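Shown next: final-v6.cif, given as mmCIF, C-alpha atoms.
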```
data_start
loop_
_atom_site.group_PDB
_atom_site.id
_atom_site.type_symbol
_atom_site.label_atom_id
_atom_site.label_comp_id
_atom_site.auth_asym_id
_atom_site.auth_seq_id
_atom_site.Cartn_x
_atom_site.Cartn_y
_atom_site.Cartn_z
ATOM 1 C CA MET V 19 0.000 0.000 0.000
ATOM 2 C CA THR V 20 1.245 3.465 -0.858
ATOM 3 C CA MET V 21 2.192 5.641 2.083
ATOM 4 C CA ALA V 22 0.807 9.164 2.346
ATOM 5 C CA HIS V 23 4.241 10.779 2.037
ATOM 6 C CA GLU V 24 4.798 8.777 -1.176
ATOM 7 C CA ARG V 25 1.476 10.009 -2.605
ATOM 8 C CA THR V 26 2.355 13.547 -1.601
ATOM 9 C CA ARG V 27 5.785 13.357 -3.220
ATOM 10 C CA SER V 28 4.255 11.875 -6.370
ATOM 11 C CA VAL V 29 1.710 14.688 -6.682
ATOM 12 C CA VAL V 30 4.410 17.343 -6.212
ATOM 13 C CA GLN V 31 6.709 15.633 -8.724
ATOM 14 C CA THR V 32 3.866 15.347 -11.230
ATOM 15 C CA ARG V 33 3.308 19.108 -11.025
ATOM 16 C CA ASP V 34 7.025 19.664 -11.644
ATOM 17 C CA PHE V 35 6.898 17.308 -14.632
ATOM 18 C CA LEU V 36 3.878 19.086 -16.121
ATOM 19 C CA GLN V 37 5.684 22.402 -15.721
ATOM 20 C CA GLU V 38 8.698 20.992 -17.575
ATOM 21 C CA LEU V 39 6.452 19.772 -20.378
ATOM 22 C CA ALA V 40 4.693 23.131 -20.620
ATOM 23 C CA ARG V 41 8.045 24.949 -21.035
ATOM 24 C CA ASP V 42 9.754 22.480 -23.386
ATOM 25 C CA THR V 43 9.685 24.159 -26.802
ATOM 26 C CA SER V 44 10.989 20.986 -28.437
ATOM 27 C CA LEU V 45 7.607 19.369 -27.771
ATOM 28 C CA PRO V 46 4.588 19.877 -30.006
ATOM 29 C CA GLU V 47 2.388 22.842 -29.094
ATOM 30 C CA SER V 48 -0.526 20.485 -28.380
ATOM 31 C CA VAL V 49 1.473 18.699 -25.666
ATOM 32 C CA ARG V 50 2.574 21.978 -24.085
ATOM 33 C CA TYR V 51 -0.989 23.311 -24.273
ATOM 34 C CA GLN V 52 -2.375 20.197 -22.575
ATOM 35 C CA ALA V 53 0.247 20.423 -19.814
ATOM 36 C CA LYS V 54 -0.638 24.094 -19.239
ATOM 37 C CA ASN V 55 -4.345 23.237 -19.079
ATOM 38 C CA LEU V 56 -3.724 20.478 -16.537
ATOM 39 C CA LEU V 57 -1.647 22.832 -14.405
ATOM 40 C CA ARG V 58 -4.436 25.418 -14.195
ATOM 41 C CA HIS V 59 -6.201 23.456 -11.451
ATOM 42 C CA TYR V 60 -3.363 21.278 -10.219
ATOM 43 C CA PRO V 61 -2.507 21.806 -6.540
ATOM 44 C CA THR V 62 0.693 23.584 -5.607
ATOM 45 C CA ALA V 63 3.122 22.037 -3.120
ATOM 46 C CA GLU V 64 1.893 24.585 -0.578
ATOM 47 C CA ALA V 65 -1.752 23.578 -1.112
ATOM 48 C CA ILE V 66 -0.851 19.913 -0.697
ATOM 49 C CA SER V 67 1.024 20.652 2.516
ATOM 50 C CA LEU V 68 -1.902 22.682 3.847
ATOM 51 C CA ALA V 69 -4.339 19.866 3.019
ATOM 52 C CA GLY V 70 -2.148 17.401 4.903
ATOM 53 C CA ARG V 71 -1.961 19.655 7.942
ATOM 54 C CA ALA V 72 -5.740 20.192 7.888
ATOM 55 C CA GLU V 73 -6.312 16.438 7.684
ATOM 56 C CA GLU V 74 -3.978 15.817 10.616
ATOM 57 C CA ARG V 75 -5.747 18.494 12.650
ATOM 58 C CA SER V 76 -9.141 16.911 11.900
ATOM 59 C CA LYS V 77 -7.897 13.556 13.141
ATOM 60 C CA GLN V 78 -6.522 15.119 16.316
ATOM 61 C CA GLU V 79 -9.827 16.876 16.989
ATOM 62 C CA LEU V 80 -11.775 13.652 16.408
ATOM 63 C CA SER V 81 -9.501 11.853 18.829
ATOM 64 C CA LEU V 82 -10.107 14.531 21.468
ATOM 65 C CA LEU V 83 -13.874 14.252 20.927
ATOM 66 C CA ALA V 84 -13.739 10.487 21.296
ATOM 67 C CA ASP V 85 -11.642 10.791 24.465
ATOM 68 C CA LYS V 86 -14.105 13.239 25.972
ATOM 69 C CA HIS V 87 -17.430 11.760 24.806
ATOM 70 C CA GLY V 88 -16.671 8.152 24.003
ATOM 71 C CA PRO V 89 -16.502 6.461 20.614
ATOM 72 C CA LEU V 90 -18.113 8.348 17.766
ATOM 73 C CA HIS V 91 -20.608 6.680 15.459
ATOM 74 C CA PRO V 92 -18.698 4.981 12.601
ATOM 75 C CA VAL V 93 -20.692 6.839 9.958
ATOM 76 C CA LEU V 94 -19.712 10.178 11.493
ATOM 77 C CA VAL V 95 -16.057 9.205 11.701
ATOM 78 C CA SER V 96 -15.911 7.948 8.109
ATOM 79 C CA TRP V 97 -17.655 11.089 6.858
ATOM 80 C CA LEU V 98 -15.257 13.352 8.737
ATOM 81 C CA LEU V 99 -12.097 11.525 7.759
ATOM 82 C CA ASN V 100 -12.914 10.395 4.234
ATOM 83 C CA ASP V 101 -10.022 8.756 2.442
ATOM 84 C CA PRO V 102 -6.672 10.057 3.686
ATOM 85 C CA MET V 103 -4.637 11.565 0.901
ATOM 86 C CA PHE V 104 -1.766 13.604 2.256
ATOM 87 C CA SER V 105 -1.130 12.418 5.797
ATOM 88 C CA ASP V 106 0.503 9.290 7.143
ATOM 89 C CA HIS V 107 -1.839 8.491 10.036
ATOM 90 C CA GLY V 108 -4.375 5.804 9.320
ATOM 91 C CA THR V 109 -2.398 4.267 6.448
ATOM 92 C CA SER V 110 -0.533 0.992 6.425
#
```

Take the structure I supplied and represent it as structure tokens, if you would.
Amino acid sequence: MTMAHERTRSVVQTRDFLQELARDTSLPESVRYQAKNLLRHYPTAEAISLAGRAEERSKQELSLLADKHGPLHPVLVSWLLNDPMFSDHGTS
């Protein structure tokens, strides 16, 4: 199973690769245009880092709630956590 830091690194490296493609004048214009279009909504390294920190904070807050009020309903926990993307906790 892929670790969160590996997914994070892969996303950051993919952005770098798309930027290289977009700037490479030896490539056809259609390839550079497609790379530029993909980059328009691609997350920056800073956005990825922020998402990871927000996810970690959510997990910490859920843990505090569970400590104070007992176990949370599984549906609530799964809705709040979703699928971890950019943090290492909860992954194998």

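When atom CA of V:Leu83 is paired with atom CA of V:Arg71, their separation reads 18.4 Å.
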
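Our summary of the geometry notes that atom CA of V:Ala69 is positioned 13.6 Å from atom CA of V:Arg27.
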
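The nearest approach to V:Val29 among the residues V:Val93, V:Asp85, V:Ala65, V:Glu73, with all atoms listed in the file taken into account, belongs to V:Ala65.
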
Exercise. Which neighbours of V:Arg41 fall inside 12 Å, counting all atoms listed in the file, when residues of the same chain fewer than 4 positions from it are skipped, and could you give them as a ChimeraX atom specification?
Worked result: /V:34-37,45-47,49-54,57

Problem set entry | Pick from V:Ile66, V:Ala72, V:Leu82, V:Leu94, whichever lies nearest to V:Thr26 using only C-alpha atoms | V:Ile66

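If you measure from each of V:Met21, V:Leu56, V:Leu90, V:Leu68 to V:Leu39 using all atoms listed in the file, the closest one turns out to be V:Leu56.
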
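Of note, atom CA of V:Arg25 and atom CA of V:Ser67 are spaced 11.8 Å apart.
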
Seminar exercise, completed: One residue among V:Ser96, V:Ser81, V:Thr62, V:Ser48 is nearest to V:Thr32 when using all atoms listed in the file, and that residue is V:Thr62
